[in-house]
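Structure, as structure tokens:
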Amino acid sequence: MDTTPSLRPEDIAAFKRAAAGRAATLVGPGMAVGLGHGSTAVAVVPFLGERHRRGELAGTVFVPAAHFMAEALRLEGLPVASLDDAPELAIAIDGADEINPAGDCVKGGGGALLYEKIVAQAARRLVIVADAGKLSPRLCARHPLPVEITPFALASELRFLEGLGGRPALRLRPDGDPMRTERGNVVADCAFGPLDDPAGLAAILDARAGVAGHGLFVGLAALIVVAGPDGVREITPPGKA
């Protein structure tokens, strides 16, 4: 997977729309479709709404990872379901904050990392949509790693993350209070620096009881749809062909 220098801000929105439009073509009638929380995933919704109004998505239902996405789907007239209604998803579509050449991702910039990962793991196929500026030679080279923490364990887990070299910073609301996820947890953004072993760090975090979730999506993406100055590309991560 190629990496791309920083993109001009005025181009990023157009690239996101282009990637979103391509990803929307992967949804078919009768599917149960998961949708994440990121801005590029939200950009897919108008394209899905247009296809729905043309009668191309009969019987398709959508499982959102956040209330924000549920409202976006309803505004387009798309049927919203839960994982109780559709416990196995044909496909999930989501954005990413950073993507390495193996197709592993850092996610969670919007704060819905736990629910996004639940939706991704419920899907037979996870499709990541992004602008080319999200491609990176190593994860956490450009973006901190969000870690969702159970409040009861906050002081202990911040100390633990510091011991791992993560330099955690609690994510705050504009009023200075900690930002809360939909589960009432808090998020620490951890500046680990470029990761040599994302899978190893993910395993360490998965084993920690006070960590409710983290933004390392390792080995989950089946397809990366990325748009940039050279157009839209579909990239299959190694081992996912």
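Lettering and numbering for the structure tokens are positional, with chains as A, B, ... in the shown order, residues counted from 1 in each chain, and ligands counted from 1 in the shown order.
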
Write out as a tab-separated table a residue-level contact list of stretch 12-116 of chain A versus stretch 132-149 of chain A with cut-off 12 Å: for each qualifying residue the closest pair of atoms and the distance in Å to one decimal, counting only C-alpha atoms, rows sorted by chain and residue number upward.
```
residue	atom	partner	partner_atom	distance
A:Ile12	CA	A:Gly133	CA	8.0
A:Ala13	CA	A:Ala132	CA	11.3
A:Ala14	CA	A:Ala132	CA	11.3
A:Phe15	CA	A:Ala132	CA	7.8
A:Lys16	CA	A:Ala132	CA	9.0
A:Ala18	CA	A:Ala132	CA	11.1
A:Ala19	CA	A:Ala132	CA	9.6
A:Thr40	CA	A:Lys134	CA	11.2
A:Gly95	CA	A:Lys134	CA	9.5
A:Ala96	CA	A:Lys134	CA	7.2
A:Asp97	CA	A:Lys134	CA	6.0
A:Glu98	CA	A:Lys134	CA	4.7
A:Ile99	CA	A:Leu135	CA	4.9
A:Asn100	CA	A:Ser136	CA	5.1
A:Pro101	CA	A:Pro137	CA	6.4
A:Ala102	CA	A:Arg138	CA	9.4
A:Gly103	CA	A:Leu135	CA	9.2
A:Asp104	CA	A:Leu139	CA	7.9
A:Cys105	CA	A:Leu139	CA	7.0
A:Val106	CA	A:Leu145	CA	6.5
A:Lys107	CA	A:Pro146	CA	7.3
A:Gly108	CA	A:Pro146	CA	5.8
A:Gly109	CA	A:Pro146	CA	7.0
A:Gly110	CA	A:Pro146	CA	9.5
A:Gly111	CA	A:Pro146	CA	8.0
A:Ala112	CA	A:Glu148	CA	9.2
A:Leu113	CA	A:Glu148	CA	7.7
A:Leu114	CA	A:Glu148	CA	7.4
A:Tyr115	CA	A:Glu148	CA	10.9
```

Which of stretch 12-216 of chain A counts as strand (DSSP E or B) under DSSP, as an MDAnalysis selection string please? chainID A and resid 32:35 61:64 80 89 91:94 98:99 105:106 123 126:131 135 145:149 168:170 172 178 180 186:190 211:214 216

Take the selection from the previous step and output its residues with C-alpha atoms, as a JSON list (two decimals), in the first residue's frame.
```json
[["chain", "number", "residue", "atom", "x", "y", "z"],
["A", 32, "ALA", "CA", -27.55, -6.26, 6.89],
["A", 33, "VAL", "CA", -25.00, -3.43, 6.80],
["A", 34, "GLY", "CA", -22.99, -2.00, 9.69],
["A", 35, "LEU", "CA", -21.90, 1.63, 9.65],
["A", 61, "VAL", "CA", -31.15, -2.78, 6.85],
["A", 62, "PHE", "CA", -28.49, -0.68, 8.52],
["A", 63, "VAL", "CA", -26.91, -1.14, 11.95],
["A", 64, "PRO", "CA", -25.22, 2.06, 13.15],
["A", 80, "VAL", "CA", -32.26, 1.33, 11.03],
["A", 89, "LEU", "CA", -23.74, -8.39, 9.17],
["A", 91, "ILE", "CA", -20.65, -5.91, 5.43],
["A", 92, "ALA", "CA", -19.57, -3.04, 7.66],
["A", 93, "ILE", "CA", -18.34, 0.30, 6.32],
["A", 94, "ASP", "CA", -16.28, 2.66, 8.42],
["A", 98, "GLU", "CA", -4.68, 6.11, 10.11],
["A", 99, "ILE", "CA", -4.01, 3.03, 7.93],
["A", 105, "CYS", "CA", -6.03, 0.92, 11.35],
["A", 106, "VAL", "CA", -6.19, 3.41, 14.16],
["A", 123, "ALA", "CA", -19.48, -8.29, 9.89],
["A", 126, "LEU", "CA", -15.15, -4.76, 6.92],
["A", 127, "VAL", "CA", -14.61, -2.05, 4.32],
["A", 128, "ILE", "CA", -12.58, 0.99, 5.35],
["A", 129, "VAL", "CA", -13.15, 4.21, 3.40],
["A", 130, "ALA", "CA", -10.64, 7.04, 3.59],
["A", 131, "ASP", "CA", -8.87, 9.85, 1.83],
["A", 135, "LEU", "CA", -2.29, 6.20, 4.67],
["A", 145, "LEU", "CA", -4.18, 5.90, 19.85],
["A", 146, "PRO", "CA", -7.56, 6.32, 21.57],
["A", 147, "VAL", "CA", -8.06, 4.02, 24.55],
["A", 148, "GLU", "CA", -11.50, 3.76, 26.19],
["A", 149, "ILE", "CA", -11.27, 3.38, 29.96],
["A", 168, "PRO", "CA", -2.01, 9.42, 27.67],
["A", 169, "ALA", "CA", -4.04, 12.64, 27.56],
["A", 170, "LEU", "CA", -7.62, 12.50, 28.79],
["A", 172, "LEU", "CA", -12.03, 16.65, 27.37],
["A", 178, "PRO", "CA", -13.97, 14.39, 30.46],
["A", 180, "ARG", "CA", -17.97, 10.36, 27.83],
["A", 186, "VAL", "CA", -13.74, 8.06, 29.14],
["A", 187, "VAL", "CA", -11.12, 8.20, 26.39],
["A", 188, "ALA", "CA", -7.38, 8.76, 26.71],
["A", 189, "ASP", "CA", -5.49, 9.67, 23.54],
["A", 190, "CYS", "CA", -2.10, 8.00, 23.79],
["A", 211, "VAL", "CA", -9.56, -0.97, 29.20],
["A", 212, "ALA", "CA", -13.03, -1.13, 27.71],
["A", 213, "GLY", "CA", -11.71, -0.79, 24.17],
["A", 214, "HIS", "CA", -8.96, 0.67, 22.03],
["A", 216, "LEU", "CA", -6.23, -0.58, 17.07]]
```

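Using only C-alpha atoms, the nearest neighbour of A:Ala65 within the list A:Gly239, A:Gly28, A:Gly36, A:Gly77 is A:Gly36.
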
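Atom CA of A:Gly21 is positioned 6.2 Å from atom CA of A:Val44.
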
Based on the backbone DSSP call, show me all residues of stretch 29-143 of chain A assigned helix (DSSP H, G or I), as JSON, numbers by chain. {"A": [39, 40, 41, 42, 43, 44, 45, 46, 47, 48, 49, 50, 51, 52, 53, 67, 68, 69, 70, 71, 72, 73, 74, 75, 113, 114, 115, 116, 117, 118, 119, 120, 121, 122, 132, 133, 134]}

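Shortest atom-to-atom contact with A:Ile118 among A:Val226, A:Ala202, A:Ala209, A:Leu220: A:Leu220, counting only C-alpha atoms.
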
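Proximity of A:Val45, A:Arg74, A:Ala81, A:Glu50 to A:Met31, computed with only C-alpha atoms, is greatest for A:Ala81.
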